[in-house]
Amino acid sequence: KCFDNITTLEFNKDKDNNPTKTAIGMYSGENEYVSWPSTFNCEGPVETWLFGLTNHTHDSLKLRMQECVSAFDEKPRHEFIFDWCAMLAATVCKIVYTEDVNWSFEQLEEGNENALRDFNKKQIDILNKYAELVLGELSGNDRKKIITLMTLDVHARDVVIGLIDSKAETNQTFAWMSQLKFHMDDKTNTVRIEICDYVTYFGYEYIGNCGCLVVTPLTDRCYITLTQAMRLVLGGAPAGPAGTGKTETTKDLAKALGRQCVV
């Protein structure tokens with residue numbers, strides 16, 4: 001399997017409306033379409049252009065991610081999410097969430113004791129807006145995208161409530177350190193991901209609009225264990241009864257990091 005979730009490509013048409021060998025975008029298994037900033041020529045030995053295609057999809061998504069981050073403040077969130085594919089919308093929402101929590105901690109240190117509570121109210125307003133959207137008329141892919149964002153935001157809300165209840169005072173608190181935190185690195189224009197003392201960069205593997213599992217405290221523990229294993233260049237082995245989500249949790253972590261996961 002060469003790609004995580006690229007089913008087919010969109011090709012340019014010639015004057016007789018026949019497809020050429022120049023690709024302009026990609027489709028996921030859910031039929032979500034993502035256009036590329038530049039075209040790609042699928043000619044020559046297959047192993048050469050397939051390798052080139054892998055790099056091209058990553059570079060294209062990296063550019064689209066930069067555009068997506070820049071566009072976030074131009075529209076309200078409930079309109080912004082319809083302009084971008086699920087993977088980019090979810091990642092940018094995670095970047096904004098990380099910034100907001102860190103900013104709330106800065107406010108807390110400056111004496112604003114209600115900073116986290118105010119942010120929590122904002123989170124609840126966003127979730128209510130998502131709930132309204134889900135009850136309206138939506139295409140299957142848009143509905144799936146919003147459900148993914150709701151799942152991530154419900155967990156984000158629970159994390160913030162946990163920080164409020166434990167009276168966390170700084171962003172060095174373990175409850176916050178142990179979460180996946182996303183930042184846009186201005187020097188490299190790449191998304192940087194941190195969890196505890198593990199730091200990595202987003203892989204830009206196209207994952208389509210595949211949804212995600214509900215994130216529980218057990219998921220968080222698995223993420224910490226597996227990322228620490230990667231930091232120490234060791235293997236990780238989630239253990240438990242059949243059907244409890246060991247494989248799916250590992251796949252979800254790979255999706256969050258933008259990496260291909262082969263099972």
# chains A, B, ... in the order shown; residues from 1 in each chain; ligands from 1
$ select_by_dssp --residues "segment 105-243 of chain A" --states "helix (DSSP H, G or I)" --output "VMD selection string"
chain A and resid 105 to 109 115 to 135 140 to 165 174 to 177 217 to 231
$ residues_around --residues "segment 55-66 of chain A" --least-positions-apart "6" --cutoff "12 Å" --atoms "only C-alpha atoms" --output "PyMOL selection string"
chain A and resi 2-6+9+23-27+34-42+48-49+72+83-93+95+183-186+188-191+201-208+258-260
$ residues_around --residues "Ile164 of chain A" --least-positions-apart "6" --cutoff "10 Å" --atoms "only C-alpha atoms" --output "list of chain:residue names"
A:Asn114, A:Ala115, A:Leu116, A:Arg117, A:Asn120, A:Asp158
$ closest_residue --among "A:Ser166, A:Thr200, A:Ser28, A:Thr249" --to "Thr227 of chain A" --atoms "only C-alpha atoms"
A:Thr200
$ residues_around --residues "Tyr198 of chain A" --least-positions-apart "4" --cutoff "10 Å" --atoms "only C-alpha atoms" --output "list in words"
Ser178, Leu180, Ile193, Glu194, Ile224, Thr227, Gln228, Ala229, Met230, Arg231 and Leu232 of chain A
$ residues_around --residues "Asp125 of chain A" --least-positions-apart "2" --cutoff "12 Å" --atoms "only C-alpha atoms" --output "ChimeraX atom specification"
/A:77-78,118-123,127-132,150,153-154,157
$ write_last_selection --atoms "N, CA, C and O atoms" --output "PDB file, in the first residue's frame"
ATOM      1  N   ARG A  77     -15.377  30.277  12.732  1.00  0.00           N
ATOM      2  CA  ARG A  77     -14.947  28.875  12.621  1.00  0.00           C
ATOM      3  C   ARG A  77     -15.980  28.007  11.906  1.00  0.00           C
ATOM      4  O   ARG A  77     -15.628  27.147  11.100  1.00  0.00           O
ATOM      5  N   HIS A  78     -17.277  28.228  12.183  1.00  0.00           N
ATOM      6  CA  HIS A  78     -18.309  27.359  11.590  1.00  0.00           C
ATOM      7  C   HIS A  78     -18.441  27.557  10.070  1.00  0.00           C
ATOM      8  O   HIS A  78     -19.081  26.752   9.399  1.00  0.00           O
ATOM      9  N   ASP A 118     -13.041  31.361  31.197  1.00  0.00           N
ATOM     10  CA  ASP A 118     -13.536  32.122  30.041  1.00  0.00           C
ATOM     11  C   ASP A 118     -13.310  31.339  28.750  1.00  0.00           C
ATOM     12  O   ASP A 118     -14.177  31.307  27.873  1.00  0.00           O
ATOM     13  N   PHE A 119     -12.130  30.709  28.634  1.00  0.00           N
ATOM     14  CA  PHE A 119     -11.838  29.911  27.441  1.00  0.00           C
ATOM     15  C   PHE A 119     -12.772  28.707  27.367  1.00  0.00           C
ATOM     16  O   PHE A 119     -13.242  28.339  26.288  1.00  0.00           O
ATOM     17  N   ASN A 120     -13.080  28.111  28.523  1.00  0.00           N
ATOM     18  CA  ASN A 120     -13.987  26.964  28.572  1.00  0.00           C
ATOM     19  C   ASN A 120     -15.383  27.346  28.059  1.00  0.00           C
ATOM     20  O   ASN A 120     -16.027  26.570  27.345  1.00  0.00           O
ATOM     21  N   LYS A 121     -15.836  28.556  28.401  1.00  0.00           N
ATOM     22  CA  LYS A 121     -17.147  29.037  27.895  1.00  0.00           C
ATOM     23  C   LYS A 121     -17.104  29.161  26.378  1.00  0.00           C
ATOM     24  O   LYS A 121     -18.072  28.822  25.682  1.00  0.00           O
ATOM     25  N   LYS A 122     -15.967  29.653  25.863  1.00  0.00           N
ATOM     26  CA  LYS A 122     -15.798  29.792  24.407  1.00  0.00           C
ATOM     27  C   LYS A 122     -15.856  28.414  23.735  1.00  0.00           C
ATOM     28  O   LYS A 122     -16.483  28.258  22.673  1.00  0.00           O
ATOM     29  N   GLN A 123     -15.231  27.404  24.368  1.00  0.00           N
ATOM     30  CA  GLN A 123     -15.260  26.036  23.827  1.00  0.00           C
ATOM     31  C   GLN A 123     -16.689  25.510  23.746  1.00  0.00           C
ATOM     32  O   GLN A 123     -17.080  24.894  22.756  1.00  0.00           O
ATOM     33  N   LEU A 127     -18.897  24.193  20.510  1.00  0.00           N
ATOM     34  CA  LEU A 127     -19.565  22.879  20.457  1.00  0.00           C
ATOM     35  C   LEU A 127     -21.057  23.028  20.176  1.00  0.00           C
ATOM     36  O   LEU A 127     -21.634  22.241  19.418  1.00  0.00           O
ATOM     37  N   ASN A 128     -21.690  24.047  20.764  1.00  0.00           N
ATOM     38  CA  ASN A 128     -23.116  24.288  20.505  1.00  0.00           C
ATOM     39  C   ASN A 128     -23.343  24.650  19.042  1.00  0.00           C
ATOM     40  O   ASN A 128     -24.337  24.226  18.435  1.00  0.00           O
ATOM     41  N   LYS A 129     -22.413  25.413  18.473  1.00  0.00           N
ATOM     42  CA  LYS A 129     -22.519  25.797  17.053  1.00  0.00           C
ATOM     43  C   LYS A 129     -22.388  24.555  16.166  1.00  0.00           C
ATOM     44  O   LYS A 129     -23.133  24.396  15.193  1.00  0.00           O
ATOM     45  N   TYR A 130     -21.434  23.662  16.509  1.00  0.00           N
ATOM     46  CA  TYR A 130     -21.286  22.399  15.767  1.00  0.00           C
ATOM     47  C   TYR A 130     -22.577  21.579  15.847  1.00  0.00           C
ATOM     48  O   TYR A 130     -23.002  20.984  14.857  1.00  0.00           O
ATOM     49  N   ALA A 131     -23.177  21.542  17.035  1.00  0.00           N
ATOM     50  CA  ALA A 131     -24.415  20.765  17.238  1.00  0.00           C
ATOM     51  C   ALA A 131     -25.528  21.299  16.335  1.00  0.00           C
ATOM     52  O   ALA A 131     -26.284  20.520  15.736  1.00  0.00           O
ATOM     53  N   GLU A 132     -25.596  22.633  16.202  1.00  0.00           N
ATOM     54  CA  GLU A 132     -26.600  23.232  15.300  1.00  0.00           C
ATOM     55  C   GLU A 132     -26.336  22.815  13.856  1.00  0.00           C
ATOM     56  O   GLU A 132     -27.269  22.487  13.112  1.00  0.00           O
ATOM     57  N   MET A 150     -16.033  17.755  16.420  1.00  0.00           N
ATOM     58  CA  MET A 150     -16.759  17.720  17.709  1.00  0.00           C
ATOM     59  C   MET A 150     -16.083  16.749  18.678  1.00  0.00           C
ATOM     60  O   MET A 150     -15.909  17.053  19.866  1.00  0.00           O
ATOM     61  N   ASP A 153     -12.999  18.347  19.962  1.00  0.00           N
ATOM     62  CA  ASP A 153     -13.279  19.507  20.817  1.00  0.00           C
ATOM     63  C   ASP A 153     -13.910  19.106  22.153  1.00  0.00           C
ATOM     64  O   ASP A 153     -13.712  19.801  23.145  1.00  0.00           O
ATOM     65  N   VAL A 154     -14.666  17.999  22.170  1.00  0.00           N
ATOM     66  CA  VAL A 154     -15.222  17.512  23.443  1.00  0.00           C
ATOM     67  C   VAL A 154     -14.080  17.089  24.362  1.00  0.00           C
ATOM     68  O   VAL A 154     -14.078  17.386  25.561  1.00  0.00           O
ATOM     69  N   ARG A 157     -12.375  20.190  25.601  1.00  0.00           N
ATOM     70  CA  ARG A 157     -13.174  20.790  26.685  1.00  0.00           C
ATOM     71  C   ARG A 157     -12.928  20.064  28.002  1.00  0.00           C
ATOM     72  O   ARG A 157     -12.743  20.691  29.050  1.00  0.00           O
TER      73      ARG A 157
END
$ closest_residue --among "A:Thr22, A:Tyr33, A:Leu50, A:Asn102" --to "Lys1 of chain A" --atoms "only C-alpha atoms"
A:Leu50
